[in-house]
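Below: query14.csv (CSV, C-alpha atoms and all ligand atoms)
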chain,number,residue,atom,x,y,z
X,1,MET,CA,113.5,92.7,128.1
X,2,GLU,CA,110.5,93.2,126.0
X,3,PRO,CA,111.1,92.4,122.3
X,4,ILE,CA,111.1,95.4,119.9
X,5,LEU,CA,109.3,93.3,117.4
X,6,SER,CA,107.0,90.4,118.1
X,7,LEU,CA,105.1,88.1,115.7
X,8,THR,CA,102.6,85.7,117.1
X,9,GLY,CA,100.9,83.1,115.0
X,10,VAL,CA,101.4,85.1,111.8
X,11,SER,CA,100.1,83.4,108.7
X,12,LYS,CA,99.5,84.4,105.1
X,13,THR,CA,97.5,82.6,102.4
X,14,TYR,CA,97.6,84.5,99.1
X,15,GLY,CA,94.5,84.9,96.9
X,16,GLY,CA,95.4,81.9,94.7
X,17,GLY,CA,95.3,79.7,97.8
X,18,HIS,CA,99.1,79.5,98.3
X,19,GLN,CA,100.1,79.4,102.0
X,20,ALA,CA,103.2,81.5,102.1
X,21,LEU,CA,103.5,81.7,105.9
X,22,LYS,CA,102.3,79.1,108.4
X,23,SER,CA,101.8,80.5,111.9
X,24,VAL,CA,105.1,82.2,112.6
X,25,ASP,CA,106.1,83.1,116.1
X,26,LEU,CA,109.2,85.3,116.5
X,27,ASP,CA,110.6,87.8,118.9
X,28,ILE,CA,113.3,90.2,117.9
X,29,ARG,CA,115.5,91.8,120.6
X,30,LYS,CA,116.2,95.5,120.6
X,31,GLY,CA,119.6,96.2,119.0
X,32,GLU,CA,120.3,92.8,117.6
X,33,ILE,CA,121.2,91.8,114.0
X,34,PHE,CA,118.9,89.0,113.0
X,35,ALA,CA,119.4,87.1,109.8
X,36,LEU,CA,116.4,85.3,108.3
X,37,LEU,CA,117.9,82.6,106.2
X,38,GLY,CA,115.9,80.6,103.6
X,39,PRO,CA,115.7,79.7,99.9
X,40,ASN,CA,113.7,81.4,97.2
X,41,GLY,CA,110.0,81.3,98.0
X,42,ALA,CA,110.5,80.5,101.6
X,43,GLY,CA,108.3,83.4,102.7
X,44,LYS,CA,110.9,85.9,103.8
X,45,THR,CA,109.6,88.8,101.7
X,46,THR,CA,106.0,88.0,102.7
X,47,MET,CA,107.0,88.2,106.4
X,48,ILE,CA,108.8,91.5,106.0
X,49,SER,CA,105.9,92.9,103.9
X,50,ILE,CA,103.4,91.9,106.6
X,51,VAL,CA,105.4,93.6,109.3
X,52,CYS,CA,105.7,96.8,107.1
X,53,GLY,CA,102.0,96.8,106.4
X,54,ILE,CA,102.4,96.1,102.7
X,55,VAL,CA,100.7,92.7,102.8
X,56,THR,CA,97.8,92.0,105.1
X,57,PRO,CA,98.2,88.9,107.2
X,58,SER,CA,95.6,86.1,107.1
X,59,GLY,CA,96.0,85.6,110.9
X,60,GLY,CA,98.2,86.5,113.9
X,61,THR,CA,99.4,89.6,115.6
X,62,ILE,CA,102.5,91.8,115.1
X,63,THR,CA,103.6,94.4,117.6
X,64,VAL,CA,106.4,96.9,117.1
X,65,ALA,CA,107.6,98.3,120.4
X,66,GLY,CA,104.2,97.6,121.8
X,67,HIS,CA,102.2,99.1,118.9
X,68,ASP,CA,99.9,96.8,117.1
X,69,ALA,CA,101.1,96.8,113.5
X,70,ILE,CA,97.6,96.9,112.1
X,71,ARG,CA,95.5,98.8,114.6
X,72,ASP,CA,98.3,101.3,115.3
X,73,TYR,CA,99.8,101.2,111.8
X,74,ARG,CA,101.3,104.7,111.7
X,75,LYS,CA,103.1,104.5,115.0
X,76,ALA,CA,104.4,101.0,114.2
X,77,ARG,CA,105.5,101.8,110.6
X,78,ALA,CA,107.3,105.0,111.7
X,79,MET,CA,109.7,102.9,113.7
X,80,ILE,CA,110.7,100.8,110.6
X,81,GLY,CA,112.9,101.4,107.7
X,82,LEU,CA,112.6,99.0,104.7
X,83,VAL,CA,115.2,98.4,102.0
X,84,PRO,CA,113.3,96.4,99.5
X,85,GLN,CA,114.7,94.0,96.9
X,86,GLU,CA,113.1,95.8,94.0
X,87,LEU,CA,114.0,99.3,92.9
X,88,ALA,CA,110.9,101.4,93.3
X,89,THR,CA,112.1,105.0,93.2
X,90,ASP,CA,111.0,108.0,91.3
X,91,GLN,CA,113.5,108.0,88.4
X,92,PHE,CA,113.1,111.7,87.7
X,93,GLU,CA,113.9,113.0,91.2
X,94,THR,CA,117.3,113.8,92.5
X,95,VAL,CA,119.0,111.7,95.2
X,96,LEU,CA,118.7,114.5,97.8
X,97,ALA,CA,115.0,115.3,97.0
X,98,THR,CA,113.9,111.6,97.1
X,99,VAL,CA,115.7,111.0,100.4
X,100,LYS,CA,114.3,114.2,102.0
X,101,PHE,CA,110.8,113.2,100.7
X,102,SER,CA,111.1,109.8,102.4
X,103,ARG,CA,111.8,111.6,105.7
X,104,ARG,CA,108.8,113.9,105.3
X,105,LEU,CA,106.6,110.9,104.6
X,106,PHE,CA,106.9,110.0,108.2
X,107,GLY,CA,106.1,113.5,109.4
X,108,ARG,CA,109.7,114.3,110.3
X,109,SER,CA,110.9,117.8,109.6
X,110,GLY,CA,114.2,118.6,107.9
X,111,HIS,CA,117.4,117.6,109.5
X,112,ASP,CA,119.9,118.4,106.9
X,113,ALA,CA,122.9,117.3,109.0
X,114,TYR,CA,121.5,113.8,109.4
X,115,ILE,CA,120.6,113.5,105.7
X,116,GLU,CA,124.1,114.6,104.8
X,117,GLU,CA,125.6,112.1,107.1
X,118,ILE,CA,123.7,109.1,105.7
X,119,LEU,CA,124.4,110.3,102.1
X,120,ARG,CA,128.1,110.6,102.9
X,121,ASP,CA,128.1,107.2,104.7
X,122,LEU,CA,126.7,105.7,101.5
X,123,SER,CA,129.1,107.5,99.2
X,124,LEU,CA,126.1,109.3,97.7
X,125,TRP,CA,126.9,112.9,98.7
X,126,ASP,CA,128.7,113.7,95.5
X,127,LYS,CA,125.7,112.4,93.6
X,128,ARG,CA,123.0,114.2,95.6
X,129,LYS,CA,122.0,116.4,92.7
X,130,SER,CA,121.9,113.6,90.1
X,131,LYS,CA,118.6,112.2,88.9
X,132,ILE,CA,118.0,108.7,90.0
X,133,MET,CA,117.6,107.6,86.4
X,134,HIS,CA,121.2,108.5,85.7
X,135,LEU,CA,122.7,106.4,88.5
X,136,SER,CA,124.2,102.9,88.1
X,137,GLY,CA,122.3,99.9,89.6
X,138,GLY,CA,124.7,99.9,92.7
X,139,MET,CA,124.1,103.6,93.3
X,140,LYS,CA,120.3,103.1,93.1
X,141,ARG,CA,120.6,100.5,95.8
X,142,ARG,CA,122.5,102.9,97.9
X,143,VAL,CA,119.6,105.4,97.4
X,144,LEU,CA,117.1,102.7,98.7
X,145,ILE,CA,119.2,102.3,101.8
X,146,ALA,CA,119.4,106.1,102.3
X,147,LYS,CA,115.6,106.4,101.8
X,148,ALA,CA,115.0,103.6,104.4
X,149,LEU,CA,117.2,105.4,106.9
X,150,ALA,CA,115.9,108.9,106.2
X,151,HIS,CA,113.3,109.0,109.1
X,152,GLU,CA,115.8,107.6,111.7
X,153,PRO,CA,114.0,104.2,112.1
X,154,ASP,CA,114.6,102.0,115.2
X,155,ILE,CA,114.3,98.9,113.1
X,156,LEU,CA,115.9,98.4,109.7
X,157,PHE,CA,114.8,95.6,107.3
X,158,LEU,CA,117.1,94.7,104.5
X,159,ASP,CA,115.6,92.3,102.0
X,160,GLU,CA,118.4,90.4,100.3
X,161,PRO,CA,120.8,93.3,100.8
X,162,THR,CA,123.8,91.8,98.9
X,163,ALA,CA,122.1,90.1,96.0
X,164,GLY,CA,123.7,91.3,92.8
X,165,VAL,CA,125.7,93.9,94.7
X,166,ASP,CA,129.4,94.7,94.0
X,167,VAL,CA,132.2,94.3,96.6
X,168,SER,CA,132.5,98.0,97.4
X,169,LEU,CA,128.8,98.4,98.2
X,170,ARG,CA,128.8,95.2,100.2
X,171,ARG,CA,131.7,96.6,102.2
X,172,ASP,CA,130.1,99.9,102.7
X,173,MET,CA,126.9,98.2,103.7
X,174,TRP,CA,128.5,96.1,106.4
X,175,LYS,CA,130.3,99.2,107.8
X,176,LEU,CA,127.0,101.1,107.9
X,177,ILE,CA,125.2,98.2,109.6
X,178,SER,CA,127.9,98.0,112.3
X,179,ARG,CA,127.6,101.8,112.8
X,180,LEU,CA,123.8,101.6,113.0
X,181,ARG,CA,124.0,98.8,115.5
X,182,THR,CA,126.2,100.8,117.8
X,183,ARG,CA,123.5,103.5,117.7
X,184,GLY,CA,121.0,100.8,118.9
X,185,VAL,CA,119.2,100.2,115.6
X,186,THR,CA,117.8,96.7,115.3
X,187,ILE,CA,118.6,95.1,112.0
X,188,ILE,CA,116.8,92.3,110.3
X,189,LEU,CA,118.2,91.0,107.0
X,190,THR,CA,117.1,88.2,104.7
X,191,THR,CA,119.6,86.2,102.8
X,192,HIS,CA,120.1,83.0,100.9
X,193,TYR,CA,123.7,82.8,102.1
X,194,ILE,CA,124.8,80.9,105.2
X,195,ASP,CA,128.1,82.8,105.2
X,196,GLU,CA,126.4,86.1,105.1
X,197,ALA,CA,124.4,85.3,108.2
X,198,GLU,CA,127.6,84.0,109.8
X,199,GLU,CA,129.5,87.2,109.1
X,200,MET,CA,127.0,89.7,110.5
X,201,ALA,CA,124.2,88.2,112.6
X,202,ASP,CA,123.8,87.8,116.3
X,203,ARG,CA,121.0,85.4,115.8
X,204,VAL,CA,119.8,83.4,112.8
X,205,GLY,CA,116.3,82.1,111.9
X,206,VAL,CA,115.9,79.5,109.2
X,207,ILE,CA,112.7,79.6,107.2
X,208,ALA,CA,111.5,77.2,104.5
X,209,ASN,CA,108.1,76.7,102.9
X,210,GLY,CA,106.6,79.3,105.2
X,211,GLU,CA,107.7,77.7,108.4
X,212,LEU,CA,110.2,79.1,110.8
X,213,LEU,CA,112.2,75.9,111.4
X,214,LEU,CA,114.6,77.2,114.0
X,215,VAL,CA,115.9,80.3,115.7
X,216,ASP,CA,119.3,80.3,117.4
X,217,GLU,CA,122.3,82.3,118.5
X,218,LYS,CA,124.7,82.4,115.6
X,219,GLN,CA,127.5,80.9,117.7
X,220,ALA,CA,125.4,78.0,118.7
X,221,LEU,CA,124.3,77.5,115.2
X,222,MET,CA,127.8,77.6,113.8
X,223,SER,CA,129.1,75.1,116.3
X,224,LYS,CA,126.3,72.8,115.4
X,225,LEU,CA,127.1,73.3,111.7
X,226,GLY,CA,130.6,72.3,112.4
X,227,LYS,CA,129.6,68.9,113.7
X,228,ARG,CA,130.1,65.9,111.4
X,229,GLU,CA,129.2,62.3,111.7
X,230,LEU,CA,131.1,59.2,110.6
X,231,ASP,CA,129.2,56.0,110.4
X,232,ILE,CA,131.3,52.8,110.7
X,233,LEU,CA,129.5,49.8,109.3
X,234,LEU,CA,130.5,46.8,111.2
X,235,VAL,CA,131.0,43.3,109.7
X,236,ASP,CA,129.4,41.7,112.8
X,237,PRO,CA,127.0,43.6,115.2
X,238,ILE,CA,128.2,44.4,118.7
X,239,ALA,CA,126.0,44.6,121.8
X,240,ALA,CA,127.6,47.6,123.5
X,241,ILE,CA,130.3,50.2,122.9
X,242,PRO,CA,133.5,48.8,124.5
X,243,GLU,CA,135.0,50.7,127.4
X,244,ALA,CA,138.2,51.2,125.5
X,245,LEU,CA,136.4,53.5,123.1
X,246,ALA,CA,135.1,55.9,125.8
X,247,GLU,CA,137.2,58.8,124.7
X,248,TRP,CA,135.4,59.1,121.3
X,249,ASP,CA,131.8,60.4,121.1
X,250,LEU,CA,130.2,57.3,119.9
X,251,SER,CA,126.7,55.9,119.6
X,252,LEU,CA,125.5,52.5,118.5
X,253,GLU,CA,122.9,52.5,115.8
X,254,ASP,CA,121.0,50.0,113.5
X,255,GLU,CA,120.8,47.2,116.1
X,256,GLY,CA,124.6,47.2,116.8
X,257,ASN,CA,125.6,47.2,113.1
X,258,ARG,CA,126.7,50.8,112.9
X,259,LEU,CA,129.0,52.8,115.2
X,260,ARG,CA,128.3,56.5,114.8
X,261,TYR,CA,131.1,58.9,115.7
X,262,THR,CA,130.2,62.6,116.1
X,263,PHE,CA,133.2,65.0,115.8
X,264,ASP,CA,134.0,68.7,115.3
X,265,ALA,CA,134.9,69.1,111.6
X,266,GLN,CA,136.7,72.3,112.4
X,267,ALA,CA,139.0,70.8,115.0
X,268,GLU,CA,142.6,70.2,113.9
X,269,ARG,CA,142.4,66.5,114.8
X,270,THR,CA,139.3,64.6,114.1
X,271,GLY,CA,140.4,61.5,116.0
X,272,ILE,CA,139.3,59.3,113.1
X,273,PRO,CA,142.7,57.5,112.4
X,274,SER,CA,143.2,56.7,116.1
X,275,LEU,CA,139.6,55.4,116.4
X,276,LEU,CA,140.0,53.1,113.4
X,277,ARG,CA,143.3,51.8,114.8
X,278,LYS,CA,141.7,51.2,118.1
X,279,LEU,CA,138.9,49.2,116.4
X,280,GLY,CA,141.5,47.1,114.7
X,281,ASP,CA,143.2,46.5,118.1
X,282,LEU,CA,139.9,45.4,119.6
X,283,GLY,CA,139.2,43.0,116.6
X,284,ILE,CA,136.1,45.0,115.5
X,285,ALA,CA,136.1,44.7,111.8
X,286,PHE,CA,134.2,47.1,109.6
X,287,LYS,CA,133.2,46.9,105.9
X,288,ASP,CA,132.5,50.5,105.1
X,289,LEU,CA,132.6,54.1,106.3
X,290,GLU,CA,130.0,56.8,105.6
X,291,THR,CA,130.2,60.4,106.5
X,292,SER,CA,126.9,62.1,107.1
X,293,LYS,CA,126.0,65.7,107.8
X,294,SER,CA,124.7,67.0,111.1
X,295,SER,CA,121.0,67.6,111.4
X,296,LEU,CA,121.4,71.3,110.8
X,297,GLU,CA,123.1,70.8,107.5
X,298,ASP,CA,120.3,68.4,106.7
X,299,ILE,CA,117.9,71.2,107.3
X,300,PHE,CA,119.9,73.5,104.9
X,301,VAL,CA,120.1,70.8,102.3
X,302,GLY,CA,116.3,70.3,102.7
X,303,LEU,CA,115.9,74.1,102.3
X,304,VAL,CA,117.8,74.3,99.1
X,305,SER,CA,115.6,71.7,97.5
X,306,GLN,CA,112.4,73.2,96.1
X,307,PRO,CA,109.0,72.4,97.5
X,308,ASP,CA,107.2,69.7,95.5
X,309,GLU,CA,104.5,72.0,94.1
X,310,GLU,CA,107.2,74.3,92.7
X,311,LYS,CA,109.0,71.3,91.1
X,312,ALA,CA,105.7,70.3,89.4
X,313,ALA,CA,105.2,73.9,88.2
B,1,LIG,N1,101.3,88.4,95.7
B,1,LIG,C1,101.4,87.1,95.7
B,1,LIG,N2,100.4,86.3,95.3
B,1,LIG,C2,100.5,84.9,95.3
B,1,LIG,N3,101.6,84.2,95.8
B,1,LIG,C3,102.6,85.0,96.2
B,1,LIG,C4,102.6,86.4,96.2
B,1,LIG,N4,103.8,86.9,96.7
B,1,LIG,C5,104.5,85.8,97.0
B,1,LIG,N5,103.8,84.6,96.7
B,1,LIG,C6,104.3,83.3,96.9
B,1,LIG,O1,104.5,83.1,98.3
B,1,LIG,C7,105.7,82.3,98.5
B,1,LIG,C8,106.7,83.1,99.4
B,1,LIG,O2,107.2,84.2,98.6
B,1,LIG,P1,108.2,85.2,99.3
B,1,LIG,O3,108.5,86.3,98.2
B,1,LIG,O4,107.7,85.6,100.6
B,1,LIG,O5,109.5,84.3,99.4
B,1,LIG,P2,111.0,84.7,99.7
B,1,LIG,O6,111.5,83.8,100.8
B,1,LIG,O7,111.1,86.2,100.0
B,1,LIG,O8,111.7,84.4,98.4
B,1,LIG,P3,112.7,85.3,97.5
B,1,LIG,O9,114.0,85.1,98.2
B,1,LIG,O10,112.7,84.7,96.2
B,1,LIG,O11,112.2,86.7,97.5
B,1,LIG,C9,106.3,82.0,97.1
B,1,LIG,O12,105.8,80.7,96.7
B,1,LIG,C10,105.6,83.0,96.2
B,1,LIG,O13,105.4,82.5,94.9

Written as structure tokens, that's how I'd like the structure from this file.
Amino acid sequence: MEPILSLTGVSKTYGGGHQALKSVDLDIRKGEIFALLGPNGAGKTTMISIVCGIVTPSGGTITVAGHDAIRDYRKARAMIGLVPQELATDQFETVLATVKFSRRLFGRSGHDAYIEEILRDLSLWDKRKSKIMHLSGGMKRRVLIAKALAHEPDILFLDEPTAGVDVSLRRDMWKLISRLRTRGVTIILTTHYIDEAEEMADRVGVIANGELLLVDEKQALMSKLGKRELDILLVDPIAAIPEALAEWDLSLEDEGNRLRYTFDAQAERTGIPSLLRKLGDLGIAFKDLETSKSSLEDIFVGLVSQPDEEKAA
């Protein structure tokens, strides 16, 4: 199936010379929930802003349902709803007026029943006549979501949807996202939180320092995340893994000085005690044990550490 959104070789170098995106290739499937996971400054907002035509890319192409996002900007943009991180709403307008205005911006005529539905979904209906300036921070965020949905977009971008959001809004938001998905809306959200991606997404992309490091099905990612490694440091090196240890997933490292056992951390039994007993039976002595994280966790740990240039700043 043709992707609903496709990025090919998309890069961005800001005026100051900072390369925020380095040749990103990404295809988003129609109807999926895609979580873009990465630390502060990874390039998530830059990527969303490029797709939405707010930031001009330095290179690459973006197509939205076949429309080139730059040449055919209006058609491409009309398919997208964006819930930004920052509040940028006319403070003096009422909730209802601002949401209706957002719909008209995309050339859509009034559809009061639809506007009422999204305002009710977001628990904003009772506040429809309130001026934005009189709303709490949480309510203002709900208005941003209503505005993004006002023109019935096919793709919804949520930039850090749950940052600084209370539990009830988070719950409403997840419910709304599930409902939108059943209607076939494609949802792309950015987040810092692995567990948020785990809860909602069909697929996850990991971005750091402007590079898309991996894209995978959530299930596959989570099972990889669940893997742990135990390194057994031997007193004397061995030439090969003994037959008697075949039932454990072992590899021999460091010129036979290290036995590496890979196991599922979520399993009820890790098999570690029986492995260590078996080593004793075989007369294989060890001097130390080290647990290490799976490669994906290493990626996440690497992600959380700031790029060098930011450290220096
Ligand atoms: N207008 C700009 N001019 C110069 N540099 C910018 C500009 N906007 C963003 N950057 C830089 O580009 C990098 C990527 O920023 P971006 O906002 O895309 O990251 P992010 O992953 O969305 O982070 P956050 O979660 O903090 O929003 C950062 O180093 C940022 O400082």

Using only C-alpha atoms, which protein or nucleic acid residues come within 7 Å of stretch 155-158 of chain X? Drop anything in the same chain fewer than 3 positions from it, and give the result as a PyMOL selection string.
chain X and resi 79-84+161+185-190

Please produce a file of the residues just selected, as a PDB file, in the frame of the given file, where the atoms kept are C-alpha atoms.
ATOM      1  CA  MET X  79     109.700 102.900 113.700  1.00  0.00           C
ATOM      2  CA  ILE X  80     110.700 100.800 110.600  1.00  0.00           C
ATOM      3  CA  GLY X  81     112.900 101.400 107.700  1.00  0.00           C
ATOM      4  CA  LEU X  82     112.600  99.000 104.700  1.00  0.00           C
ATOM      5  CA  VAL X  83     115.200  98.400 102.000  1.00  0.00           C
ATOM      6  CA  PRO X  84     113.300  96.400  99.500  1.00  0.00           C
ATOM      7  CA  PRO X 161     120.800  93.300 100.800  1.00  0.00           C
ATOM      8  CA  VAL X 185     119.200 100.200 115.600  1.00  0.00           C
ATOM      9  CA  THR X 186     117.800  96.700 115.300  1.00  0.00           C
ATOM     10  CA  ILE X 187     118.600  95.100 112.000  1.00  0.00           C
ATOM     11  CA  ILE X 188     116.800  92.300 110.300  1.00  0.00           C
ATOM     12  CA  LEU X 189     118.200  91.000 107.000  1.00  0.00           C
ATOM     13  CA  THR X 190     117.100  88.200 104.700  1.00  0.00           C
TER      14      THR X 190
END

Within 12 Å of file point (125.1, 109.8, 99.3), counting only C-alpha atoms, expressed as number ranges by chain:
X: 94-100, 114-130, 132, 135, 138-147, 149-150, 172

C-alpha atoms of the current selection, written as a PDB file, keeping the file's coordinate frame:
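File selection.pdb, as written:
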ATOM      1  CA  THR X  94     117.300 113.800  92.500  1.00  0.00           C
ATOM      2  CA  VAL X  95     119.000 111.700  95.200  1.00  0.00           C
ATOM      3  CA  LEU X  96     118.700 114.500  97.800  1.00  0.00           C
ATOM      4  CA  ALA X  97     115.000 115.300  97.000  1.00  0.00           C
ATOM      5  CA  THR X  98     113.900 111.600  97.100  1.00  0.00           C
ATOM      6  CA  VAL X  99     115.700 111.000 100.400  1.00  0.00           C
ATOM      7  CA  LYS X 100     114.300 114.200 102.000  1.00  0.00           C
ATOM      8  CA  TYR X 114     121.500 113.800 109.400  1.00  0.00           C
ATOM      9  CA  ILE X 115     120.600 113.500 105.700  1.00  0.00           C
ATOM     10  CA  GLU X 116     124.100 114.600 104.800  1.00  0.00           C
ATOM     11  CA  GLU X 117     125.600 112.100 107.100  1.00  0.00           C
ATOM     12  CA  ILE X 118     123.700 109.100 105.700  1.00  0.00           C
ATOM     13  CA  LEU X 119     124.400 110.300 102.100  1.00  0.00           C
ATOM     14  CA  ARG X 120     128.100 110.600 102.900  1.00  0.00           C
ATOM     15  CA  ASP X 121     128.100 107.200 104.700  1.00  0.00           C
ATOM     16  CA  LEU X 122     126.700 105.700 101.500  1.00  0.00           C
ATOM     17  CA  SER X 123     129.100 107.500  99.200  1.00  0.00           C
ATOM     18  CA  LEU X 124     126.100 109.300  97.700  1.00  0.00           C
ATOM     19  CA  TRP X 125     126.900 112.900  98.700  1.00  0.00           C
ATOM     20  CA  ASP X 126     128.700 113.700  95.500  1.00  0.00           C
ATOM     21  CA  LYS X 127     125.700 112.400  93.600  1.00  0.00           C
ATOM     22  CA  ARG X 128     123.000 114.200  95.600  1.00  0.00           C
ATOM     23  CA  LYS X 129     122.000 116.400  92.700  1.00  0.00           C
ATOM     24  CA  SER X 130     121.900 113.600  90.100  1.00  0.00           C
ATOM     25  CA  ILE X 132     118.000 108.700  90.000  1.00  0.00           C
ATOM     26  CA  LEU X 135     122.700 106.400  88.500  1.00  0.00           C
ATOM     27  CA  GLY X 138     124.700  99.900  92.700  1.00  0.00           C
ATOM     28  CA  MET X 139     124.100 103.600  93.300  1.00  0.00           C
ATOM     29  CA  LYS X 140     120.300 103.100  93.100  1.00  0.00           C
ATOM     30  CA  ARG X 141     120.600 100.500  95.800  1.00  0.00           C
ATOM     31  CA  ARG X 142     122.500 102.900  97.900  1.00  0.00           C
ATOM     32  CA  VAL X 143     119.600 105.400  97.400  1.00  0.00           C
ATOM     33  CA  LEU X 144     117.100 102.700  98.700  1.00  0.00           C
ATOM     34  CA  ILE X 145     119.200 102.300 101.800  1.00  0.00           C
ATOM     35  CA  ALA X 146     119.400 106.100 102.300  1.00  0.00           C
ATOM     36  CA  LYS X 147     115.600 106.400 101.800  1.00  0.00           C
ATOM     37  CA  LEU X 149     117.200 105.400 106.900  1.00  0.00           C
ATOM     38  CA  ALA X 150     115.900 108.900 106.200  1.00  0.00           C
ATOM     39  CA  ASP X 172     130.100  99.900 102.700  1.00  0.00           C
TER      40      ASP X 172
END

Report as CSV the residues of stretch 2-79 of chain X within 10 Å of stretch 202-222 of chain X, each with its shortest atom pair and distance in Å (one decimal), using all atoms listed in the file, ordered by chain and increasing residue number.
residue,atom,partner,partner_atom,distance
X:Ser11,CA,X:Gly210,CA,8.4
X:Lys12,CA,X:Gly210,CA,8.7
X:Gln19,CA,X:Gly210,CA,7.2
X:Ala20,CA,X:Gly210,CA,5.1
X:Leu21,CA,X:Gly210,CA,4.0
X:Lys22,CA,X:Gly210,CA,5.4
X:Ser23,CA,X:Glu211,CA,7.4
X:Val24,CA,X:Leu212,CA,6.2
X:Asp25,CA,X:Leu212,CA,7.8
X:Leu26,CA,X:Val215,CA,8.4
X:Asp27,CA,X:Val215,CA,9.7
X:Ile28,CA,X:Arg203,CA,9.3
X:Arg29,CA,X:Arg203,CA,9.7
X:Gly31,CA,X:Asp202,CA,9.8
X:Glu32,CA,X:Asp202,CA,6.2
X:Ile33,CA,X:Asp202,CA,5.3
X:Phe34,CA,X:Arg203,CA,5.0
X:Ala35,CA,X:Val204,CA,4.8
X:Leu36,CA,X:Gly205,CA,4.8
X:Leu37,CA,X:Val206,CA,4.8
X:Gly38,CA,X:Ile207,CA,4.9
X:Pro39,CA,X:Ala208,CA,6.7
X:Asn40,CA,X:Ala208,CA,8.7
X:Gly41,CA,X:Asn209,CA,7.0
X:Ala42,CA,X:Ala208,CA,4.5
X:Gly43,CA,X:Gly210,CA,5.1
X:Lys44,CA,X:Ile207,CA,7.4
X:Thr46,CA,X:Gly210,CA,9.1
X:Met47,CA,X:Gly210,CA,9.0

I need the residues from that last selection saved to file as a JSON list (two decimals), in the frame of the given file (with C-alpha atoms), if you can.
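File written: result01.json
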[["chain", "number", "residue", "atom", "x", "y", "z"],
["X", 11, "SER", "CA", 100.10, 83.40, 108.70],
["X", 12, "LYS", "CA", 99.50, 84.40, 105.10],
["X", 19, "GLN", "CA", 100.10, 79.40, 102.00],
["X", 20, "ALA", "CA", 103.20, 81.50, 102.10],
["X", 21, "LEU", "CA", 103.50, 81.70, 105.90],
["X", 22, "LYS", "CA", 102.30, 79.10, 108.40],
["X", 23, "SER", "CA", 101.80, 80.50, 111.90],
["X", 24, "VAL", "CA", 105.10, 82.20, 112.60],
["X", 25, "ASP", "CA", 106.10, 83.10, 116.10],
["X", 26, "LEU", "CA", 109.20, 85.30, 116.50],
["X", 27, "ASP", "CA", 110.60, 87.80, 118.90],
["X", 28, "ILE", "CA", 113.30, 90.20, 117.90],
["X", 29, "ARG", "CA", 115.50, 91.80, 120.60],
["X", 31, "GLY", "CA", 119.60, 96.20, 119.00],
["X", 32, "GLU", "CA", 120.30, 92.80, 117.60],
["X", 33, "ILE", "CA", 121.20, 91.80, 114.00],
["X", 34, "PHE", "CA", 118.90, 89.00, 113.00],
["X", 35, "ALA", "CA", 119.40, 87.10, 109.80],
["X", 36, "LEU", "CA", 116.40, 85.30, 108.30],
["X", 37, "LEU", "CA", 117.90, 82.60, 106.20],
["X", 38, "GLY", "CA", 115.90, 80.60, 103.60],
["X", 39, "PRO", "CA", 115.70, 79.70, 99.90],
["X", 40, "ASN", "CA", 113.70, 81.40, 97.20],
["X", 41, "GLY", "CA", 110.00, 81.30, 98.00],
["X", 42, "ALA", "CA", 110.50, 80.50, 101.60],
["X", 43, "GLY", "CA", 108.30, 83.40, 102.70],
["X", 44, "LYS", "CA", 110.90, 85.90, 103.80],
["X", 46, "THR", "CA", 106.00, 88.00, 102.70],
["X", 47, "MET", "CA", 107.00, 88.20, 106.40]]

Kindly indicate which residue among X:Gly17, X:His134, X:Gln85, X:Glu93 lies nearest to X:Thr162, using all atoms listed in the file for the distances.
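Looking at the shortest contact to X:Thr162, the residue is X:Gln85.
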
Considering only C-alpha atoms, return as an mmCIF file with C-alpha atoms, keeping the file's coordinate frame whatever protein or nucleic-acid residues lie within 7 Å of X:Ile62, sequence-local ones (same chain, fewer than 4 positions apart) excluded.
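Below you can see result04.cif, which holds the result:
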data_model
loop_
_atom_site.group_PDB
_atom_site.id
_atom_site.type_symbol
_atom_site.label_atom_id
_atom_site.label_comp_id
_atom_site.auth_asym_id
_atom_site.auth_seq_id
_atom_site.Cartn_x
_atom_site.Cartn_y
_atom_site.Cartn_z
ATOM 1 C CA SER X 6 107.000 90.400 118.100
ATOM 2 C CA LEU X 7 105.100 88.100 115.700
ATOM 3 C CA THR X 8 102.600 85.700 117.100
ATOM 4 C CA VAL X 51 105.400 93.600 109.300
ATOM 5 C CA ASP X 68 99.900 96.800 117.100
ATOM 6 C CA ALA X 69 101.100 96.800 113.500
#
